[in-house]
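Visitor: This is the content of protein27.pdb (PDB, C-alpha atoms and all ligand atoms):
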MODEL        1
ATOM      1  CA  MET W  96      -7.866  66.752  15.304
ATOM      2  CA  LEU W  97      -9.237  66.177  18.817
ATOM      3  CA  HIS W  98      -9.789  62.494  18.122
ATOM      4  CA  ALA W  99      -6.119  62.183  17.140
ATOM      5  CA  LEU W 100      -5.027  63.872  20.387
ATOM      6  CA  VAL W 101      -7.264  61.592  22.428
ATOM      7  CA  ALA W 102      -6.011  58.506  20.567
ATOM      8  CA  VAL W 103      -2.350  59.421  21.120
ATOM      9  CA  ALA W 104      -2.915  60.370  24.772
ATOM     10  CA  PHE W 105      -4.737  57.128  25.556
ATOM     11  CA  TRP W 106      -2.292  54.954  23.611
ATOM     12  CA  ALA W 107       0.821  56.564  25.096
ATOM     13  CA  MET W 108      -0.532  56.375  28.664
ATOM     14  CA  LEU W 109      -1.861  52.801  28.487
ATOM     15  CA  PRO W 110       1.389  51.291  29.869
ATOM     16  CA  ALA W 111       0.895  53.587  32.888
ATOM     17  CA  TYR W 112      -2.848  52.911  33.277
ATOM     18  CA  VAL W 113      -2.671  49.119  33.389
ATOM     19  CA  PRO W 114      -0.194  48.722  36.319
ATOM     20  CA  ASN W 115      -2.675  50.077  38.891
ATOM     21  CA  ASN W 116      -5.410  47.714  37.755
ATOM     22  CA  ALA W 117      -3.034  44.747  37.594
ATOM     23  CA  ALA W 118      -1.819  45.582  41.114
ATOM     24  CA  VAL W 119      -5.394  45.503  42.402
ATOM     25  CA  LEU W 120      -5.875  42.034  40.883
ATOM     26  CA  ALA W 121      -2.473  40.741  42.081
ATOM     27  CA  GLY W 122      -2.294  42.579  45.415
ATOM     28  CA  GLY W 123      -1.736  40.846  48.702
ATOM     29  CA  GLY W 124       1.244  39.375  50.446
ATOM     30  CA  ALA W 125       4.054  41.240  52.122
ATOM     31  CA  PRO W 126       3.763  45.033  52.335
ATOM     32  CA  ILE W 127       6.716  47.006  50.936
ATOM     33  CA  ASP W 128       7.160  48.920  54.185
ATOM     34  CA  GLY W 129       7.445  45.688  56.190
ATOM     35  CA  GLY W 130       5.042  47.108  58.773
ATOM     36  CA  TRP W 131       7.321  50.055  59.541
ATOM     37  CA  THR W 132       5.755  53.066  61.233
ATOM     38  CA  VAL W 133       6.829  56.700  61.485
ATOM     39  CA  ASN W 134       5.314  58.736  64.321
ATOM     40  CA  GLY W 135       2.791  55.989  64.891
ATOM     41  CA  ARG W 136       1.664  55.816  61.266
ATOM     42  CA  ARG W 137       2.634  53.277  58.650
ATOM     43  CA  LEU W 138       5.320  54.362  56.189
ATOM     44  CA  LEU W 139       3.157  53.220  53.224
ATOM     45  CA  GLY W 140       0.543  50.800  54.566
ATOM     46  CA  ASP W 141      -0.724  47.329  53.699
ATOM     47  CA  GLY W 142      -2.137  48.523  50.363
ATOM     48  CA  LYS W 143       1.336  48.719  48.749
ATOM     49  CA  THR W 144       2.762  45.218  48.347
ATOM     50  CA  TRP W 145       5.797  43.726  46.627
ATOM     51  CA  ARG W 146       3.636  41.406  44.565
ATOM     52  CA  GLY W 147       1.189  44.104  43.421
ATOM     53  CA  THR W 148       4.079  46.378  42.463
ATOM     54  CA  ALA W 149       5.997  43.660  40.575
ATOM     55  CA  VAL W 150       2.958  42.318  38.711
ATOM     56  CA  GLY W 151       1.727  45.851  37.947
ATOM     57  CA  THR W 152       5.103  46.873  36.529
ATOM     58  CA  ALA W 153       5.412  43.673  34.473
ATOM     59  CA  ALA W 154       1.883  44.103  33.091
ATOM     60  CA  GLY W 155       2.625  47.669  31.981
ATOM     61  CA  ILE W 156       5.868  46.664  30.265
ATOM     62  CA  ALA W 157       4.215  43.687  28.544
ATOM     63  CA  LEU W 158       1.431  45.949  27.312
ATOM     64  CA  ALA W 159       3.911  48.481  25.892
ATOM     65  CA  LEU W 160       5.671  45.702  23.978
ATOM     66  CA  ALA W 161       2.325  44.461  22.627
ATOM     67  CA  LEU W 162       1.395  48.029  21.579
ATOM     68  CA  ASN W 163       4.725  48.308  19.737
ATOM     69  CA  ARG W 164       3.755  45.306  17.649
ATOM     70  CA  ALA W 165       0.210  46.552  17.112
ATOM     71  CA  ALA W 166       1.188  50.155  16.266
ATOM     72  CA  PRO W 167       1.440  49.839  12.453
ATOM     73  CA  ALA W 168      -1.941  48.126  12.121
ATOM     74  CA  ALA W 169      -3.593  50.462  14.640
ATOM     75  CA  ALA W 170      -2.157  53.522  12.883
ATOM     76  CA  ALA W 171      -3.391  52.249   9.500
ATOM     77  CA  ALA W 172      -6.852  51.528  10.893
ATOM     78  CA  THR W 173      -7.275  54.884  12.668
ATOM     79  CA  GLY W 174      -5.261  57.151  10.395
ATOM     80  CA  VAL W 175      -3.511  58.475  13.517
ATOM     81  CA  SER W 176       0.266  58.351  13.933
ATOM     82  CA  LEU W 177       0.610  56.370  17.162
ATOM     83  CA  PRO W 178       3.876  56.299  19.131
ATOM     84  CA  THR W 179       5.929  53.204  19.849
ATOM     85  CA  PHE W 180       7.706  52.762  23.177
ATOM     86  CA  PRO W 181      11.502  52.592  23.484
ATOM     87  CA  PRO W 182      12.287  49.832  26.041
ATOM     88  CA  LEU W 183      13.356  52.239  28.784
ATOM     89  CA  ALA W 184      10.301  54.418  28.211
ATOM     90  CA  ALA W 185       8.122  51.309  28.649
ATOM     91  CA  VAL W 186       9.872  50.451  31.907
ATOM     92  CA  GLY W 187       9.711  54.084  33.078
ATOM     93  CA  LEU W 188       5.986  54.449  32.379
ATOM     94  CA  ALA W 189       5.039  51.153  34.053
ATOM     95  CA  PHE W 190       7.341  51.319  37.064
ATOM     96  CA  GLY W 191       6.801  55.079  37.372
ATOM     97  CA  ALA W 192       3.039  54.590  37.616
ATOM     98  CA  MET W 193       3.643  52.324  40.618
ATOM     99  CA  VAL W 194       6.166  54.759  42.127
ATOM    100  CA  GLY W 195       3.652  57.611  41.786
ATOM    101  CA  ASP W 196       0.936  55.564  43.496
ATOM    102  CA  ILE W 197       3.328  54.509  46.271
ATOM    103  CA  SER W 198       4.486  58.108  46.756
ATOM    104  CA  ALA W 199       0.855  59.149  47.145
ATOM    105  CA  SER W 200       0.370  56.512  49.858
ATOM    106  CA  PHE W 201       3.417  57.913  51.645
ATOM    107  CA  LEU W 202       1.791  61.378  51.498
ATOM    108  CA  LYS W 203      -1.578  59.992  52.594
ATOM    109  CA  ARG W 204      -0.061  58.382  55.691
ATOM    110  CA  ARG W 205       1.872  61.545  56.583
ATOM    111  CA  THR W 206      -1.362  63.572  56.328
ATOM    112  CA  GLY W 207      -3.283  61.180  58.572
ATOM    113  CA  ARG W 208      -5.265  59.366  55.860
ATOM    114  CA  GLU W 209      -5.792  55.676  56.591
ATOM    115  CA  ARG W 210      -5.340  52.960  54.014
ATOM    116  CA  GLY W 211      -8.085  53.215  51.420
ATOM    117  CA  ALA W 212      -8.956  56.838  52.255
ATOM    118  CA  ALA W 213      -9.729  59.030  49.259
ATOM    119  CA  PHE W 214      -7.298  61.776  48.292
ATOM    120  CA  PRO W 215      -9.064  63.512  45.379
ATOM    121  CA  ILE W 216      -6.930  64.651  42.435
ATOM    122  CA  VAL W 217      -3.829  62.966  43.947
ATOM    123  CA  ASP W 218      -5.517  59.546  43.587
ATOM    124  CA  GLN W 219      -6.372  60.314  39.961
ATOM    125  CA  LEU W 220      -3.069  61.800  38.817
ATOM    126  CA  ASP W 221      -0.299  60.394  41.070
ATOM    127  CA  PHE W 222       0.542  57.636  38.600
ATOM    128  CA  VAL W 223       0.585  60.058  35.644
ATOM    129  CA  ALA W 224       3.197  62.218  37.379
ATOM    130  CA  GLY W 225       5.259  59.186  38.417
ATOM    131  CA  ALA W 226       5.081  57.652  34.939
ATOM    132  CA  LEU W 227       6.111  60.801  33.080
ATOM    133  CA  VAL W 228       8.990  61.576  35.450
ATOM    134  CA  CYS W 229      10.336  58.007  35.401
ATOM    135  CA  ALA W 230      10.027  57.768  31.597
ATOM    136  CA  ALA W 231      11.689  61.163  31.133
ATOM    137  CA  LEU W 232      14.731  60.194  33.211
ATOM    138  CA  PRO W 233      15.979  57.671  30.582
ATOM    139  CA  GLU W 234      14.004  58.941  27.522
ATOM    140  CA  PHE W 235      13.529  62.691  27.893
ATOM    141  CA  GLY W 236      13.335  63.360  24.136
ATOM    142  CA  TRP W 237      10.743  60.639  23.614
ATOM    143  CA  VAL W 238       8.577  62.030  26.413
ATOM    144  CA  THR W 239       8.668  65.614  25.111
ATOM    145  CA  ASP W 240       8.056  64.462  21.497
ATOM    146  CA  THR W 241       5.130  62.240  22.519
ATOM    147  CA  PHE W 242       3.525  64.290  25.276
ATOM    148  CA  THR W 243       3.270  67.647  23.558
ATOM    149  CA  LEU W 244       1.300  70.290  25.487
ATOM    150  CA  PRO W 245      -2.016  69.450  23.741
ATOM    151  CA  VAL W 246      -1.510  65.710  24.383
ATOM    152  CA  LEU W 247      -0.583  66.422  27.998
ATOM    153  CA  GLY W 248      -3.727  68.528  28.366
ATOM    154  CA  VAL W 249      -5.865  65.643  27.111
ATOM    155  CA  VAL W 250      -4.060  63.240  29.477
ATOM    156  CA  ILE W 251      -4.789  65.469  32.486
ATOM    157  CA  VAL W 252      -8.495  65.726  31.589
ATOM    158  CA  LEU W 253      -8.979  62.149  30.366
ATOM    159  CA  THR W 254      -7.112  60.276  33.113
ATOM    160  CA  PRO W 255      -9.304  61.243  36.092
ATOM    161  CA  ILE W 256     -12.432  60.305  34.088
ATOM    162  CA  LEU W 257     -10.971  56.913  33.111
ATOM    163  CA  HIS W 258      -9.725  56.366  36.655
ATOM    164  CA  VAL W 259     -13.145  57.015  38.196
ATOM    165  CA  VAL W 260     -14.877  54.762  35.643
ATOM    166  CA  THR W 261     -12.446  51.797  35.834
ATOM    167  CA  ASN W 262     -12.263  51.902  39.640
ATOM    168  CA  GLY W 263     -16.055  52.165  39.844
ATOM    169  CA  VAL W 264     -16.363  49.064  37.668
ATOM    170  CA  ALA W 265     -13.706  47.217  39.706
ATOM    171  CA  TYR W 266     -15.651  48.119  42.883
ATOM    172  CA  LEU W 267     -18.953  46.899  41.447
ATOM    173  CA  LEU W 268     -17.250  43.650  40.397
ATOM    174  CA  GLY W 269     -16.026  43.231  43.973
ATOM    175  CA  LEU W 270     -12.361  43.492  42.950
ATOM    176  CA  LYS W 271     -11.705  46.692  44.863
ATOM    177  CA  ASP W 272     -12.737  47.769  48.377
ATOM    178  CA  GLU W 273     -13.463  51.393  47.472
ATOM    179  CA  PRO W 274     -14.749  52.916  44.228
ATOM    180  CA  TYR W 275     -11.721  55.285  43.859
TER     181      TYR W 275
HETATM  182  N1  LIG V 301      -1.934  47.099  45.454
HETATM  183  C1  LIG V 301      -0.752  46.423  45.762
HETATM  184  N2  LIG V 301       0.464  47.007  45.513
HETATM  185  C2  LIG V 301       0.539  48.234  44.971
HETATM  186  C3  LIG V 301      -0.643  48.945  44.670
HETATM  187  C4  LIG V 301      -1.875  48.355  44.924
HETATM  188  O1  LIG V 301      -0.799  45.292  46.247
HETATM  189  N3  LIG V 301       1.746  48.782  44.722
HETATM  190  C5  LIG V 301      -3.239  46.435  45.716
HETATM  191  C6  LIG V 301      -3.564  46.388  47.226
HETATM  192  O2  LIG V 301      -4.264  45.188  47.459
HETATM  193  C7  LIG V 301      -4.445  47.608  47.403
HETATM  194  C8  LIG V 301      -5.259  47.599  46.109
HETATM  195  O3  LIG V 301      -4.317  47.145  45.116
HETATM  196  O4  LIG V 301      -5.269  47.537  48.531
HETATM  197  C9  LIG V 301      -5.861  48.942  45.736
HETATM  198  O5  LIG V 301      -4.828  49.880  45.478
HETATM  199  P1  LIG V 301      -4.895  51.356  46.052
HETATM  200  O6  LIG V 301      -6.265  51.919  45.951
HETATM  201  O7  LIG V 301      -3.790  52.115  45.412
HETATM  202  O8  LIG V 301      -4.480  51.130  47.599
HETATM  203  P2  LIG V 301      -5.277  51.391  48.947
HETATM  204  O9  LIG V 301      -5.597  50.057  49.556
HETATM  205  O10 LIG V 301      -6.377  52.344  48.723
HETATM  206  O11 LIG V 301      -4.182  52.036  49.883
HETATM  207  P3  LIG V 301      -3.684  53.571  49.932
HETATM  208  O12 LIG V 301      -4.587  54.279  50.879
HETATM  209  O13 LIG V 301      -2.298  53.461  50.457
HETATM  210  O14 LIG V 301      -3.732  54.108  48.533
HETATM  211 MG    MG V 302      -7.360  53.207  47.162
HETATM  212  K     K V 303      -4.036  54.860  44.792
ENDMDL
END
Could the structure of this file be written out as structure tokens, please?
Ligand code: CTP
Ligand code: MG
Ligand code: K

Guide:
Amino acid sequence: MLHALVAVAFWAMLPAYVPNNAAVLAGGGAPIDGGWTVNGRRLLGDGKTWRGTAVGTAAGIALALALNRAAPAAAAATGVSLPTFPPLAAVGLAFGAMVGDISASFLKRRTGRERGAAFPIVDQLDFVAGALVCAALPEFGWVTDTFTLPVLGVVIVLTPILHVVTNGVAYLLGLKDEPY
């Protein structure tokens, strides 16, 4: 029972998890805010780039399409009914994860946090909120069918743990400047 919930939660959120990690690998180049400041603080900061956002979104969409192909075999192997991603849900999850992360940077700058500063809980769940909202806009029924309350509960508990572990590993590998 719990293993099925965890499997569905992880599977359904994967297209939203991967964009952040792909953005870290691809990041660099022109910042989205073009250096703009508001009240002396950057609108978003140098950590949110066009390239990171584009590559992150593309990676999430590509992963969703790969999961769609793998779903029958994965379901047979695990005995768990795993969801497939309608195209607009795939785009919403991947792009929404980036939008959530970018929105958090906007909030960080407005609250005086410099680029790279930690913002506990927001750092760990911003992309979940962005992904679910942006997937629900075009595919509301799919989101409510897939992310039932128990699945959503697992997502909210599991995501911060995964986030801390993957970012810690990326930091140790020298891919990321901070371990969060
Ligand atoms: N990145 C990017 N574009 C994005 C998101 C991330 O290029 N849309 C890259 C940047 O190189 C960024 C790194 O991934 O520095 C780590 O991402 P993150 O921790 O989200 O950014 P921070 O540098 O910590 O900046 P912020 O304080 O605004 O979150
Ligand atoms: Mg950071
Ligand atoms: K972040």

Visitor: Evaluate the PyMOL selection byres (((chain W and resi 145) around 8) and not hetatm) against this structure - the residues, as a PyMOL selection string, please.

Guide: chain W and resi 124-127+143-144+146-149

Visitor: Report the residues retrieved by the PyMOL selection byres (((not hetatm)) within 7 of (chain V and resi 301)) from the displayed file, expressed as a VMD selection string.

Guide: chain W and resid 115 118 to 123 139 to 148 193 196 to 197 199 to 200 203 209 to 212 271 275

Visitor: Rank W:Gly129, W:Pro114, W:Pro167, W:Pro181 by their smallest atom-to-atom distance to W:Gly195, using all atoms listed in the file, and report the top residue only.

Guide: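 Of W:Gly129, W:Pro114, W:Pro167, W:Pro181, the one nearest W:Gly195 is W:Pro114, counting all atoms listed in the file.
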
Visitor: Rounded to one decimal, what separation in Å do you get between atom CA of W:Ala226 and atom CA of W:Gly187?

Guide: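 Those two atoms sit 6.1 Å apart.
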
Visitor: I'd like to know which of W:Thr261, W:Thr243, W:Thr206, W:Asn163 is closest to W:Glu273, using all atoms listed in the file.

Guide: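 For W:Glu273, the nearest of the given residues is W:Thr261.
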
Visitor: Report the residues retrieved by the PyMOL selection byres (((chain W and resi 190) around 10) and not hetatm) from the displayed file, expressed as a PyMOL selection string.

Guide: chain W and resi 110-111+114+148-149+151-156+184-189+191-195+222+225-226+229-230

Visitor: What is the atom CA of W:Met108-atom CA of W:Val223 distance in Å, reported with one decimal?

Guide: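 Computed distance, atom CA of W:Met108 to atom CA of W:Val223, equals 8.0 Å.
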
Visitor: Grab all the atoms of stretch 204-213 of chain W that the file lists, wrap them in a box along x, y and z, add 5 Å per side, and give me centre plus edge lengths in Å (one decimal) as JSON.

Guide:
{"center_x": -3.9, "center_y": 58.3, "center_z": 53.9, "size_x": 21.6, "size_y": 20.6, "size_z": 19.3}

Visitor: Which residues come within 12 Å of W:Ile216, counting all atoms listed in the file, excluding same-chain residues fewer than 2 positions away, as number ranges by chain?

Guide: W: 199, 213-214, 218-224, 251-252, 254-256, 258-259, 275
